[in-house]
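Q: Here you go, structure_8.txt (compact mmCIF, C-alpha atoms):
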```
# COMPACT_ATOMS: atom_id res chain seq x y z
CA MET A 1 54.25 -18.20 6.84
CA SER A 2 54.57 -14.59 6.16
CA VAL A 3 54.58 -13.19 2.65
CA ASP A 4 54.91 -9.45 2.88
CA ILE A 5 53.79 -7.65 -0.27
CA ILE A 6 54.95 -4.16 -1.16
CA ILE A 7 53.14 -2.64 -4.13
CA GLU A 8 54.95 0.32 -5.68
CA ASP A 9 53.07 0.08 -9.00
CA ALA A 10 49.28 0.07 -8.76
CA ARG A 11 48.98 -2.08 -11.90
CA TRP A 12 50.03 -5.12 -9.83
CA LYS A 13 46.51 -6.45 -9.28
CA GLY A 14 46.43 -9.94 -7.77
CA LEU A 15 50.13 -10.14 -6.86
CA GLU A 16 49.33 -10.82 -3.22
CA GLY A 17 47.21 -13.88 -4.10
CA LEU A 18 49.76 -15.25 -6.54
CA ALA A 19 52.55 -14.88 -3.98
CA ALA A 20 50.40 -16.41 -1.22
CA THR A 21 50.00 -19.51 -3.42
CA ALA A 22 53.44 -19.75 -5.04
CA VAL A 23 55.69 -19.19 -2.01
CA PRO A 24 54.23 -21.99 0.14
CA ALA A 25 54.13 -24.30 -2.90
CA VAL A 26 57.92 -23.97 -3.22
CA LEU A 27 58.49 -24.51 0.48
CA ASP A 28 56.12 -27.50 0.63
CA HIS A 29 57.78 -29.07 -2.40
CA LEU A 30 61.17 -28.80 -0.71
CA GLY A 31 59.92 -30.21 2.60
CA LEU A 32 60.07 -26.87 4.43
CA ASP A 33 57.26 -25.79 6.73
CA PRO A 34 55.66 -22.72 5.10
CA GLU A 35 54.49 -21.50 8.52
CA VAL A 36 58.09 -20.90 9.59
CA TRP A 37 59.56 -18.84 6.76
CA GLU A 38 59.19 -15.21 5.65
CA VAL A 39 59.52 -13.72 2.16
CA THR A 40 58.99 -10.15 0.95
CA VAL A 41 57.73 -9.53 -2.59
CA LEU A 42 57.98 -6.10 -4.20
CA GLY A 43 55.74 -5.27 -7.18
CA CYS A 44 57.41 -2.40 -9.02
CA ASP A 45 57.95 -0.99 -12.51
CA ASP A 46 60.80 -1.11 -15.03
CA ALA A 47 62.38 2.12 -13.79
CA ARG A 48 62.58 0.87 -10.21
CA ILE A 49 63.84 -2.61 -11.08
CA ALA A 50 66.46 -1.11 -13.44
CA GLN A 51 67.64 1.03 -10.53
CA LEU A 52 67.81 -2.02 -8.23
CA ASN A 53 69.53 -4.07 -10.94
CA ALA A 54 72.14 -1.33 -11.38
CA VAL A 55 72.84 -1.03 -7.66
CA PHE A 56 72.92 -4.74 -6.80
CA ARG A 57 74.08 -6.41 -10.03
CA ASN A 58 75.82 -3.56 -11.87
CA LYS A 59 73.37 -4.08 -14.76
CA PRO A 60 71.49 -0.80 -15.31
CA LYS A 61 68.56 -2.29 -17.20
CA ALA A 62 65.11 -3.61 -16.47
CA THR A 63 64.64 -7.30 -15.80
CA ASN A 64 61.68 -9.46 -14.86
CA VAL A 65 62.63 -10.62 -11.35
CA LEU A 66 65.40 -9.97 -8.85
CA SER A 67 66.04 -11.76 -5.60
CA TRP A 68 68.08 -11.04 -2.49
CA PRO A 69 68.56 -14.03 -0.21
CA SER A 70 69.07 -13.25 3.46
CA GLU A 71 72.17 -15.44 3.29
CA ASP A 72 74.13 -17.28 0.62
CA ARG A 73 72.80 -20.83 0.59
CA SER A 74 74.25 -21.88 -2.77
CA PRO A 75 76.31 -25.06 -2.84
CA ASP A 76 79.89 -25.11 -4.13
CA THR A 77 79.31 -28.20 -6.28
CA ALA A 78 77.39 -27.75 -9.55
CA GLY A 79 74.05 -29.55 -9.49
CA ALA A 80 74.11 -30.06 -5.72
CA ILE A 81 71.07 -29.34 -3.60
CA PRO A 82 71.53 -26.34 -1.30
CA LEU A 83 71.40 -26.93 2.43
CA PRO A 84 67.99 -26.10 3.89
CA PRO A 85 67.70 -22.76 5.67
CA SER A 86 68.09 -22.61 9.42
CA GLY A 87 68.13 -19.93 12.06
CA ASP A 88 66.76 -16.61 10.81
CA THR A 89 63.25 -17.14 9.45
CA GLU A 90 63.62 -14.38 6.83
CA LEU A 91 64.52 -16.04 3.52
CA GLY A 92 64.91 -12.78 1.61
CA ASP A 93 63.29 -10.42 -0.84
CA ILE A 94 62.00 -10.67 -4.42
CA ALA A 95 61.18 -7.80 -6.82
CA LEU A 96 59.06 -8.11 -9.96
CA SER A 97 58.73 -5.49 -12.72
CA TYR A 98 55.25 -5.03 -14.11
CA GLU A 99 56.14 -3.88 -17.63
CA THR A 100 58.77 -6.56 -18.23
CA CYS A 101 56.62 -9.36 -16.80
CA MET A 102 53.56 -8.36 -18.82
CA SER A 103 55.58 -7.85 -22.00
CA GLU A 104 57.16 -11.30 -21.65
CA ALA A 105 53.78 -12.89 -21.01
CA GLU A 106 52.29 -11.19 -24.08
CA THR A 107 55.27 -12.04 -26.31
CA GLY A 108 55.28 -15.64 -25.13
CA GLU A 109 51.47 -15.91 -25.34
CA ILE A 110 51.45 -16.99 -21.70
CA PRO A 111 48.67 -16.07 -19.29
CA PRO A 112 50.10 -13.29 -17.12
CA ASP A 113 49.18 -15.11 -13.88
CA HIS A 114 51.13 -18.17 -15.05
CA HIS A 115 54.19 -16.10 -15.91
CA VAL A 116 54.14 -14.15 -12.66
CA THR A 117 53.65 -17.36 -10.67
CA HIS A 118 56.67 -18.83 -12.46
CA LEU A 119 58.77 -15.78 -11.62
CA ILE A 120 57.77 -15.94 -7.95
CA VAL A 121 58.68 -19.65 -7.82
CA HIS A 122 61.96 -18.83 -9.56
CA GLY A 123 62.71 -16.04 -7.09
CA VAL A 124 61.96 -18.17 -4.03
CA LEU A 125 64.26 -20.90 -5.33
CA HIS A 126 67.00 -18.26 -5.63
CA LEU A 127 66.36 -17.29 -2.00
CA LEU A 128 66.89 -20.93 -1.07
CA GLY A 129 70.26 -21.18 -2.85
CA TYR A 130 69.26 -22.52 -6.25
CA ASP A 131 70.79 -20.89 -9.31
CA HIS A 132 71.12 -21.29 -13.06
CA GLU A 133 74.62 -19.97 -13.78
CA ARG A 134 76.11 -23.44 -14.29
CA ASN A 135 74.40 -26.00 -16.55
CA ARG A 136 73.88 -28.62 -13.83
CA ASP A 137 72.47 -25.98 -11.47
CA ALA A 138 70.16 -24.71 -14.22
CA ASP A 139 68.90 -28.23 -14.93
CA LEU A 140 68.12 -28.76 -11.25
CA MET A 141 66.43 -25.40 -10.83
CA GLU A 142 64.34 -25.74 -14.00
CA SER A 143 63.20 -29.24 -13.05
CA LEU A 144 62.09 -27.96 -9.63
CA GLU A 145 60.27 -25.00 -11.20
CA THR A 146 58.49 -27.29 -13.63
CA ALA A 147 57.43 -29.75 -10.91
CA ILE A 148 56.19 -27.02 -8.55
CA LEU A 149 54.33 -25.19 -11.30
CA CYS A 150 52.73 -28.44 -12.47
CA LYS A 151 51.27 -28.89 -8.97
CA LEU A 152 49.84 -25.37 -9.31
CA GLY A 153 48.30 -26.13 -12.71
CA VAL A 154 50.81 -24.00 -14.61
CA PRO A 155 52.31 -25.58 -17.77
CA ASP A 156 56.06 -26.10 -18.10
CA PRO A 157 57.36 -22.56 -18.70
CA TYR A 158 60.38 -23.83 -20.59
CA MET A 159 58.19 -25.50 -23.20
CA VAL A 160 55.57 -22.76 -23.75
CA ASN A 161 55.88 -20.83 -27.00
CA GLY A 162 59.65 -20.55 -26.90
CA GLN A 163 59.85 -18.73 -23.56
CA THR A 164 63.42 -18.79 -22.28
CA GLY A 165 62.62 -18.35 -18.61
CA PRO A 166 63.70 -15.82 -16.03
CA ASP A 167 67.03 -14.05 -16.39
CA SER A 168 67.90 -13.09 -12.84
```
Kindly present the structure from the file in structure tokens form.
A:
Amino acid sequence: MSVDIIIEDARWKGLEGLAATAVPAVLDHLGLDPEVWEVTVLGCDDARIAQLNAVFRNKPKATNVLSWPSEDRSPDTAGAIPLPPSGDTELGDIALSYETCMSEAETGEIPPDHHVTHLIVHGVLHLLGYDHERNRDADLMESLETAILCKLGVPDPYMVNGQTGPDS
């Protein structure tokens, strides 16, 4: 497995280790061989992620995590499991904003490593075709996040101090 880390904001200490744990945990949980797949994780700041959010989602504001799958793997039917990836080994890219992530962790009284791990898991699931736009899709995605995070020793993020979860 290859997790490429790009650090644009020097405050992102430990991001490489969190990504090296979270990405294979998602793939393992879904029965995908972590040695096969590639993911890029960008650690940036609010200004950069707001710029990316404006360009790619037409939302010129900071957010916690963004993801760009290498291909659309989302199913047409709400609540359906996306088809597993095949062919190109590059799953896609994820970006995390330092200020937003740390602010959310502080506000939610969540250890920052737990929150960042959750956001990486969330982003990888997006790369694999999971989404939360429709209720049934959100239920599926949140249950997967919770199960994967539990295996990593991270409490259910949807039950911790009123946190609402990622918004990408």
Q: Could you work out how far atom CA of A:Leu52 lies from atom CA of A:Gly79, giving the answer in Å with one decimal?
A: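 If I compute the distance from atom CA of A:Gly79 to atom CA of A:Leu52, I get 28.3 Å.
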Q: Set the distance at 8 Å and use all atoms listed in the file: which residues neighbour stretch 131-134 of chain A once local chain neighbours fewer than 5 positions away are removed? I'd like the list as a list of chain:residue names.
A: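 With the cut-off at 8 Å, the set is A:Ser74, A:Ala78, A:Leu125, A:His126, A:Asp139, A:Met141.
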Q: Quick one, how far is atom CA of A:Asp46 from atom CA of A:Lys61?
A: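 Answer for the atom CA of A:Asp46 to atom CA of A:Lys61 separation: 8.1 Å.
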Q: Restricting the calculation to only C-alpha atoms, which member of A:Asp9, A:Asp28, A:Asp72, A:Glu16 is positioned closest to A:Ala47?
A: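 So, comparing all the options, the nearest one is A:Asp9.
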Q: Which is closer to A:Pro34 than all the others in A:Ala54, A:Val3, A:Leu140, A:Ala105, using all atoms listed in the file?
A: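 Ranked by minimum distance to A:Pro34, first place goes to A:Val3.
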Q: Could you name the residues that touch A:Leu96 at 8 Å or less, counting only C-alpha atoms, but leaving out those on the same chain fewer than 4 positions away, as a PyMOL selection string?
A: chain A and resi 41-45+49+64-66+101+119
Q: Using all atoms listed in the file, which of the listed residues (A:Leu149, A:Pro157, A:Trp68, A:Met102) sits closest to A:Gly123?
A: A:Trp68
Q: Grab the atom CA of A:His118 to atom CA of A:Lys13 distance for me, in Å with one decimal place.
A: 16.3 Å
Q: Choose the residue, out of A:Asn135, A:Asn53, A:Ser70, A:Thr89, that has the smallest atom-to-atom separation from A:Leu32; count all atoms listed in the file.
A: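 Closest to A:Leu32 of all the choices is A:Thr89.
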Q: Around the point (60.7, -14.7, 11.5) in the file's coordinates, collect all residues with an atom within 10 Å, using only C-alpha atoms, and return them as a list in words.
A: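 With a cut-off of 10 Å, the residues come to Met1, Ser2, Glu35, Val36, Trp37, Glu38, Val39, Gly87, Asp88, Thr89, Glu90 and Leu91 of chain A.
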Q: Can stretch 94-107 of chain A be brought up to N, CA and C atoms and written out as a CSV table (one decimal), in the coordinates of the input?
A:
```
chain,number,residue,atom,x,y,z
A,94,ILE,N,62.2,-10.5,-3.0
A,94,ILE,CA,62.0,-10.7,-4.4
A,94,ILE,C,61.4,-9.4,-5.0
A,95,ALA,N,61.8,-8.9,-6.1
A,95,ALA,CA,61.2,-7.8,-6.8
A,95,ALA,C,60.8,-8.2,-8.2
A,96,LEU,N,59.6,-7.8,-8.6
A,96,LEU,CA,59.1,-8.1,-10.0
A,96,LEU,C,58.7,-6.8,-10.7
A,97,SER,N,59.1,-6.7,-11.9
A,97,SER,CA,58.7,-5.5,-12.7
A,97,SER,C,57.5,-5.7,-13.6
A,98,TYR,N,56.5,-4.9,-13.4
A,98,TYR,CA,55.2,-5.0,-14.1
A,98,TYR,C,55.4,-5.0,-15.6
A,99,GLU,N,56.1,-4.0,-16.2
A,99,GLU,CA,56.1,-3.9,-17.6
A,99,GLU,C,56.9,-5.1,-18.2
A,100,THR,N,58.0,-5.4,-17.7
A,100,THR,CA,58.8,-6.6,-18.2
A,100,THR,C,58.0,-7.9,-18.1
A,101,CYS,N,57.4,-8.1,-17.0
A,101,CYS,CA,56.6,-9.4,-16.8
A,101,CYS,C,55.5,-9.4,-17.8
A,102,MET,N,54.7,-8.4,-17.9
A,102,MET,CA,53.6,-8.4,-18.8
A,102,MET,C,54.0,-8.4,-20.3
A,103,SER,N,55.1,-7.8,-20.6
A,103,SER,CA,55.6,-7.8,-22.0
A,103,SER,C,56.0,-9.3,-22.3
A,104,GLU,N,56.7,-9.9,-21.4
A,104,GLU,CA,57.2,-11.3,-21.6
A,104,GLU,C,56.0,-12.2,-21.8
A,105,ALA,N,55.0,-12.0,-20.9
A,105,ALA,CA,53.8,-12.9,-21.0
A,105,ALA,C,53.1,-12.7,-22.4
A,106,GLU,N,52.9,-11.5,-22.8
A,106,GLU,CA,52.3,-11.2,-24.1
A,106,GLU,C,53.1,-11.8,-25.2
A,107,THR,N,54.4,-11.5,-25.2
A,107,THR,CA,55.3,-12.0,-26.3
A,107,THR,C,55.2,-13.6,-26.4
```
